[in-house]
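Here is data.cif, consisting of mmCIF, C-alpha atoms and all ligand atoms:
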```cif
data_input
#
loop_
_atom_site.group_PDB
_atom_site.id
_atom_site.type_symbol
_atom_site.label_atom_id
_atom_site.label_comp_id
_atom_site.auth_asym_id
_atom_site.auth_seq_id
_atom_site.Cartn_x
_atom_site.Cartn_y
_atom_site.Cartn_z
ATOM 1 C CA MET H 15 -14.892 -1.883 -11.306
ATOM 2 C CA ILE H 16 -12.565 -2.460 -8.369
ATOM 3 C CA GLU H 17 -9.010 -1.750 -9.539
ATOM 4 C CA VAL H 18 -6.886 -1.913 -6.395
ATOM 5 C CA GLY H 19 -6.869 -4.457 -3.614
ATOM 6 C CA ILE H 20 -5.747 -3.383 -0.144
ATOM 7 C CA VAL H 21 -4.955 -6.291 2.142
ATOM 8 C CA MET H 22 -3.493 -6.356 5.629
ATOM 9 C CA GLY H 23 -2.489 -9.007 8.106
ATOM 10 C CA SER H 24 -4.825 -7.920 10.894
ATOM 11 C CA ASN H 25 -7.524 -5.392 11.640
ATOM 12 C CA SER H 26 -4.922 -3.814 13.948
ATOM 13 C CA ASP H 27 -3.179 -2.643 10.737
ATOM 14 C CA TRP H 28 -6.188 -0.547 9.708
ATOM 15 C CA ASP H 29 -5.066 2.611 11.541
ATOM 16 C CA VAL H 30 -2.137 2.751 9.115
ATOM 17 C CA MET H 31 -3.692 1.156 6.041
ATOM 18 C CA GLN H 32 -6.763 3.386 6.059
ATOM 19 C CA HIS H 33 -4.485 6.112 4.695
ATOM 20 C CA ALA H 34 -4.077 4.096 1.496
ATOM 21 C CA ALA H 35 -7.829 3.635 1.209
ATOM 22 C CA ARG H 36 -8.387 7.362 1.824
ATOM 23 C CA VAL H 37 -6.017 8.413 -0.973
ATOM 24 C CA LEU H 38 -7.646 6.033 -3.452
ATOM 25 C CA LYS H 39 -11.093 7.264 -2.480
ATOM 26 C CA ASP H 40 -10.005 10.884 -2.924
ATOM 27 C CA PHE H 41 -8.800 10.047 -6.457
ATOM 28 C CA GLY H 42 -12.001 8.180 -7.255
ATOM 29 C CA VAL H 43 -10.201 4.838 -7.611
ATOM 30 C CA ARG H 44 -12.337 1.955 -6.417
ATOM 31 C CA CYS H 45 -10.649 -0.434 -4.053
ATOM 32 C CA GLU H 46 -11.508 -3.362 -1.827
ATOM 33 C CA THR H 47 -10.110 -3.746 1.684
ATOM 34 C CA ARG H 48 -9.589 -7.162 3.302
ATOM 35 C CA VAL H 49 -7.862 -8.768 6.252
ATOM 36 C CA VAL H 50 -5.702 -11.536 4.784
ATOM 37 C CA SER H 51 -2.980 -12.997 6.983
ATOM 38 C CA ALA H 52 0.081 -14.798 5.646
ATOM 39 C CA HIS H 53 0.437 -16.840 8.805
ATOM 40 C CA ARG H 54 -3.096 -17.145 10.134
ATOM 41 C CA THR H 55 -5.033 -17.544 6.860
ATOM 42 C CA PRO H 56 -2.458 -18.787 4.341
ATOM 43 C CA ASP H 57 -5.030 -20.541 2.135
ATOM 44 C CA LEU H 58 -7.075 -17.341 1.871
ATOM 45 C CA MET H 59 -3.903 -15.420 1.007
ATOM 46 C CA PHE H 60 -3.117 -17.776 -1.869
ATOM 47 C CA GLU H 61 -6.699 -17.691 -3.111
ATOM 48 C CA TYR H 62 -6.740 -13.892 -2.971
ATOM 49 C CA ALA H 63 -3.492 -13.588 -4.909
ATOM 50 C CA GLU H 64 -4.421 -16.220 -7.493
ATOM 51 C CA THR H 65 -7.835 -14.737 -8.285
ATOM 52 C CA ALA H 66 -7.011 -11.007 -8.124
ATOM 53 C CA ARG H 67 -6.031 -10.495 -11.785
ATOM 54 C CA GLY H 68 -9.082 -12.385 -13.018
ATOM 55 C CA ARG H 69 -11.291 -10.095 -10.951
ATOM 56 C CA GLY H 70 -9.870 -7.005 -12.670
ATOM 57 C CA ILE H 71 -7.509 -5.897 -9.904
ATOM 58 C CA LYS H 72 -4.524 -3.957 -11.338
ATOM 59 C CA ALA H 73 -2.367 -3.608 -8.213
ATOM 60 C CA ILE H 74 -2.338 -4.980 -4.683
ATOM 61 C CA ILE H 75 -1.308 -2.882 -1.698
ATOM 62 C CA ALA H 76 -0.322 -5.229 1.121
ATOM 63 C CA GLY H 77 0.457 -4.035 4.637
ATOM 64 C CA ALA H 78 1.727 -6.114 7.512
ATOM 65 C CA GLY H 79 3.746 -5.798 10.678
ATOM 66 C CA GLY H 80 6.424 -7.858 12.414
ATOM 67 C CA ALA H 81 7.394 -10.923 10.381
ATOM 68 C CA ALA H 82 5.615 -9.261 7.479
ATOM 69 C CA HIS H 83 5.421 -12.022 4.890
ATOM 70 C CA LEU H 84 2.105 -10.995 3.365
ATOM 71 C CA PRO H 85 3.362 -8.758 0.527
ATOM 72 C CA GLY H 86 6.111 -11.184 -0.487
ATOM 73 C CA MET H 87 3.918 -14.262 -0.445
ATOM 74 C CA ILE H 88 1.200 -12.496 -2.417
ATOM 75 C CA ALA H 89 3.852 -11.484 -4.944
ATOM 76 C CA ALA H 90 4.888 -15.133 -5.119
ATOM 77 C CA LYS H 91 1.401 -16.062 -6.324
ATOM 78 C CA THR H 92 0.578 -13.249 -8.751
ATOM 79 C CA THR H 93 2.330 -11.199 -11.416
ATOM 80 C CA LEU H 94 0.297 -8.103 -10.528
ATOM 81 C CA PRO H 95 2.315 -5.222 -9.048
ATOM 82 C CA VAL H 96 2.483 -5.696 -5.275
ATOM 83 C CA LEU H 97 3.112 -2.595 -3.158
ATOM 84 C CA GLY H 98 4.295 -3.428 0.345
ATOM 85 C CA VAL H 99 3.624 -1.246 3.371
ATOM 86 C CA PRO H 100 5.562 -1.965 6.577
ATOM 87 C CA VAL H 101 3.224 -1.467 9.531
ATOM 88 C CA PRO H 102 4.858 -0.256 12.774
ATOM 89 C CA SER H 103 5.252 -3.150 15.198
ATOM 90 C CA ARG H 104 5.013 -2.972 18.970
ATOM 91 C CA TYR H 105 8.593 -3.927 19.832
ATOM 92 C CA LEU H 106 10.754 -2.972 16.849
ATOM 93 C CA ARG H 107 8.711 -0.010 15.593
ATOM 94 C CA GLY H 108 8.319 -1.477 12.128
ATOM 95 C CA GLU H 109 11.987 -1.932 11.310
ATOM 96 C CA ASP H 110 11.289 -5.681 11.371
ATOM 97 C CA SER H 111 8.299 -5.157 9.028
ATOM 98 C CA LEU H 112 10.399 -3.048 6.651
ATOM 99 C CA LEU H 113 13.236 -5.558 6.416
ATOM 100 C CA SER H 114 10.815 -8.478 6.052
ATOM 101 C CA ILE H 115 9.133 -6.764 3.100
ATOM 102 C CA VAL H 116 12.068 -5.154 1.341
ATOM 103 C CA GLN H 117 14.517 -8.063 1.227
ATOM 104 C CA MET H 118 12.820 -10.064 -1.524
ATOM 105 C CA PRO H 119 14.845 -12.587 -3.482
ATOM 106 C CA LYS H 120 15.702 -11.729 -7.085
ATOM 107 C CA GLY H 121 12.810 -12.548 -9.420
ATOM 108 C CA VAL H 122 9.845 -11.816 -7.140
ATOM 109 C CA PRO H 123 9.631 -8.049 -6.626
ATOM 110 C CA VAL H 124 7.666 -6.126 -4.035
ATOM 111 C CA ALA H 125 7.739 -2.328 -4.280
ATOM 112 C CA THR H 126 8.414 -1.375 -0.674
ATOM 113 C CA PHE H 127 7.285 1.876 0.887
ATOM 114 C CA ALA H 128 8.071 3.779 4.083
ATOM 115 C CA ILE H 129 7.027 2.485 7.490
ATOM 116 C CA GLY H 130 3.576 3.626 8.548
ATOM 117 C CA GLU H 131 1.147 6.277 7.379
ATOM 118 C CA ALA H 132 3.435 7.886 4.788
ATOM 119 C CA GLY H 133 4.106 4.483 3.262
ATOM 120 C CA ALA H 134 0.416 3.614 3.090
ATOM 121 C CA ALA H 135 -0.475 6.951 1.465
ATOM 122 C CA ASN H 136 2.463 6.753 -0.953
ATOM 123 C CA ALA H 137 1.629 3.181 -1.937
ATOM 124 C CA ALA H 138 -1.824 4.419 -2.922
ATOM 125 C CA LEU H 139 -0.347 7.380 -4.818
ATOM 126 C CA PHE H 140 1.952 4.963 -6.618
ATOM 127 C CA ALA H 141 -1.023 2.777 -7.541
ATOM 128 C CA VAL H 142 -2.766 5.890 -8.864
ATOM 129 C CA SER H 143 0.260 6.719 -11.022
ATOM 130 C CA LEU H 144 0.317 3.156 -12.392
ATOM 131 C CA LEU H 145 -3.354 3.392 -13.336
ATOM 132 C CA ALA H 146 -2.849 6.925 -14.693
ATOM 133 C CA ASN H 147 -0.580 5.510 -17.433
ATOM 134 C CA HIS H 148 -3.763 4.370 -19.175
ATOM 135 C CA ASP H 149 -6.193 6.948 -17.817
ATOM 136 C CA PRO H 150 -5.703 10.615 -18.821
ATOM 137 C CA VAL H 151 -8.388 11.826 -16.393
ATOM 138 C CA LEU H 152 -6.584 10.209 -13.495
ATOM 139 C CA ALA H 153 -3.249 11.564 -14.769
ATOM 140 C CA GLU H 154 -4.694 15.087 -14.677
ATOM 141 C CA LYS H 155 -5.977 14.544 -11.123
ATOM 142 C CA LEU H 156 -2.469 13.510 -10.123
ATOM 143 C CA GLU H 157 -1.035 16.687 -11.701
ATOM 144 C CA VAL H 158 -3.546 18.814 -9.787
ATOM 145 C CA PHE H 159 -2.696 16.998 -6.540
ATOM 146 C CA ARG H 160 1.015 17.676 -7.032
ATOM 147 C CA ARG H 161 0.439 21.331 -7.950
ATOM 148 C CA LYS H 162 -1.662 21.884 -4.814
ATOM 149 C CA GLN H 163 1.004 20.209 -2.700
ATOM 150 C CA THR H 164 3.675 22.431 -4.230
ATOM 151 C CA ASP H 165 1.582 25.556 -3.658
ATOM 152 C CA THR H 166 1.068 24.572 -0.021
ATOM 153 C CA VAL H 167 4.802 24.286 0.571
ATOM 154 C CA LEU H 168 5.552 27.509 -1.318
ATOM 155 C CA ALA H 169 3.066 29.336 0.929
ATOM 156 C CA MET H 170 4.687 28.053 4.128
ATOM 157 C CA THR H 171 6.069 30.649 6.496
ATOM 158 C CA LEU H 172 8.288 30.325 9.554
ATOM 159 C CA PRO H 173 8.001 32.206 12.848
ATOM 160 C CA GLU H 174 10.319 35.144 13.510
ATOM 161 C CA LEU H 175 12.702 34.811 16.461
ATOM 162 C CA ASP H 176 12.080 37.192 19.355
HETATM 163 C C1 LIG X 201 0.835 -9.151 11.541
HETATM 164 O O1 LIG X 201 0.976 -9.188 12.911
HETATM 165 C C2 LIG X 201 -0.203 -8.122 11.281
HETATM 166 O O2 LIG X 201 0.036 -7.560 10.014
HETATM 167 C C3 LIG X 201 -0.060 -7.139 12.389
HETATM 168 O O3 LIG X 201 0.706 -6.014 11.999
HETATM 169 C C4 LIG X 201 0.711 -7.925 13.445
HETATM 170 C C5 LIG X 201 -0.041 -8.041 14.737
HETATM 171 O O4 LIG X 201 -1.299 -8.599 14.518
HETATM 172 P P1 LIG X 201 -2.379 -8.675 15.691
HETATM 173 O O5 LIG X 201 -1.769 -9.496 16.771
HETATM 174 O O6 LIG X 201 -2.639 -7.253 16.121
HETATM 175 O O7 LIG X 201 -3.604 -9.303 15.085
HETATM 176 O O8 LIG X 201 0.461 -10.383 11.011
#
```
Hey, can you dump this file as structure tokens for me?
Amino acid sequence: MIEVGIVMGSNSDWDVMQHAARVLKDFGVRCETRVVSAHRTPDLMFEYAETARGRGIKAIIAGAGGAAHLPGMIAAKTTLPVLGVPVPSRYLRGEDSLLSIVQMPKGVPVATFAIGEAGAANAALFAVSLLANHDPVLAEKLEVFRRKQTDTVLAMTLPELD
């Protein structure tokens, strides 16, 4: 069953958002990926948000750039957890996306992640940790992932100066 929805405002967001899909795939979490635009396909956005819970989706990762209303407007139409990823924009490097996503009014939360690839990957890791609350196998996979990451950093060396 598909448990996580990944939506983005344009196929130009895929370079960034693919990192969320990759993490979920690596953890064996099934997800769907869709282009859903707040401004260009608002009716589709509402339909997606309104039907997601009924289709078994447990969390929605939404990425957008510029006037990034997609995560907030999806959150306005569903009580599922919405994880917002600010996609770097051409002129303001994603600072516009970040502020558009993070400054939600009280009562309609969007969990907002870092701009770009790290944000997309971390949104997926956060979705994994949400699902892991009710899935011991997934929780163990998350532990293993963290241990490997720790071991990698502990094994890091730095070059000697001449
Ligand atoms: C946003 O506008 C999208 O999320 C994308 O980041 C940005 C630019 O879209 P395109 O002009 O590349 O389709 O809605």
| request: Could you expand the PyMOL selection byres (((chain H and resi 82) around 12) and not hetatm) into the explicit residues it covers here, written as number ranges by chain? | output: H: 22-24, 27, 50-53, 76-81, 83-88, 98-103, 108-118, 126, 129
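Residue nearest H:Val37, chosen from H:Asn136, H:Phe60, H:Ala153, H:Asp165 and counting only C-alpha atoms: H:Asn136.
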| said: I need the residue nearest H:Leu152 from this list: H:Leu106, H:Ala34, H:Ala66, H:Val43. Use only C-alpha atoms for the distance. | reply: H:Val43
How would you write, as a JSON list (two decimals) with C-alpha atoms, in the coordinates of the input, the residues chosen by the PyMOL selection byres (((chain H and resi 17) around 9) and not hetatm) on this structure?
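Final output, saved to result-v7.json:
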```
[["chain", "number", "residue", "atom", "x", "y", "z"],
["H", 15, "MET", "CA", -14.89, -1.88, -11.31],
["H", 16, "ILE", "CA", -12.56, -2.46, -8.37],
["H", 18, "VAL", "CA", -6.89, -1.91, -6.40],
["H", 19, "GLY", "CA", -6.87, -4.46, -3.61],
["H", 43, "VAL", "CA", -10.20, 4.84, -7.61],
["H", 44, "ARG", "CA", -12.34, 1.96, -6.42],
["H", 45, "CYS", "CA", -10.65, -0.43, -4.05],
["H", 46, "GLU", "CA", -11.51, -3.36, -1.83],
["H", 69, "ARG", "CA", -11.29, -10.10, -10.95],
["H", 70, "GLY", "CA", -9.87, -7.00, -12.67],
["H", 71, "ILE", "CA", -7.51, -5.90, -9.90],
["H", 72, "LYS", "CA", -4.52, -3.96, -11.34],
["H", 73, "ALA", "CA", -2.37, -3.61, -8.21],
["H", 74, "ILE", "CA", -2.34, -4.98, -4.68],
["H", 145, "LEU", "CA", -3.35, 3.39, -13.34]]
```
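Each of H:Ile75, H:Val142, H:Ala63, H:Ala35 was compared to H:Ala90 using only C-alpha atoms, and H:Ala63 turns out to be the nearest.
Atom pair atom CA of H:Ala138 / atom CA of H:Leu38 has a distance of 6.1 Å (rounded to one decimal).
Residue nearest H:His33, chosen from H:Ile20, H:Glu154, H:Phe159, H:Asp176 and counting only C-alpha atoms: H:Ile20.
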I'd like the box whose edges run along x, y and z of the file and which contains every listed atom of ligand LIG 201 (chain X), padded by 5 Å per side; could you state its centre and edge lengths in Å, one decimal, as AutoDock Vina command-line options?
```
--center_x -1.3 --center_y -8.2 --center_z 13.4 --size_x 14.6 --size_y 14.4 --size_z 16.8
```
| said: Given the point (2.5, -0.8, -4.7) in the coordinates of this file, which residues lie within 6 Å, counting only C-alpha atoms, and how would they look as a ChimeraX atom specification? | reply: /H:75,96-98,125,137,141
Store the residues picked out above in a file with C-alpha atoms, as an mmCIF file, keeping the file's coordinate frame.
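Written out: again-v3.cif:
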```
data_model
loop_
_atom_site.group_PDB
_atom_site.id
_atom_site.type_symbol
_atom_site.label_atom_id
_atom_site.label_comp_id
_atom_site.auth_asym_id
_atom_site.auth_seq_id
_atom_site.Cartn_x
_atom_site.Cartn_y
_atom_site.Cartn_z
ATOM 1 C CA ILE H 75 -1.308 -2.882 -1.698
ATOM 2 C CA VAL H 96 2.483 -5.696 -5.275
ATOM 3 C CA LEU H 97 3.112 -2.595 -3.158
ATOM 4 C CA GLY H 98 4.295 -3.428 0.345
ATOM 5 C CA ALA H 125 7.739 -2.328 -4.280
ATOM 6 C CA ALA H 137 1.629 3.181 -1.937
ATOM 7 C CA ALA H 141 -1.023 2.777 -7.541
#
```
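Atom CA of H:Leu94 lies 6.9 Å from atom CA of H:Arg67.
A straight line drawn from atom CA of H:Ala146 to atom CA of H:Thr93 is 19.1 Å long.
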| request: Do a neighbour search on H:Glu64 at 6 Å with all atoms listed in the file, toss out local chain neighbours closer than 3 positions, and write the hits as a list in words. | output: Phe60, Glu61, Lys91 and Thr92 of chain H
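Comparing the minimum interatomic distances between ligand LIG 201 (chain X) and each of H:Arg161, H:His148, H:Lys120, H:Arg104, counting all atoms listed in the file, we find that H:Arg104 sits nearest.
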| said: Ranking H:Asn147, H:Thr47, H:Thr55, H:Asn25 by minimum distance to ligand LIG 201 (chain X) and counting all atoms listed in the file, which one comes first? | reply: H:Asn25
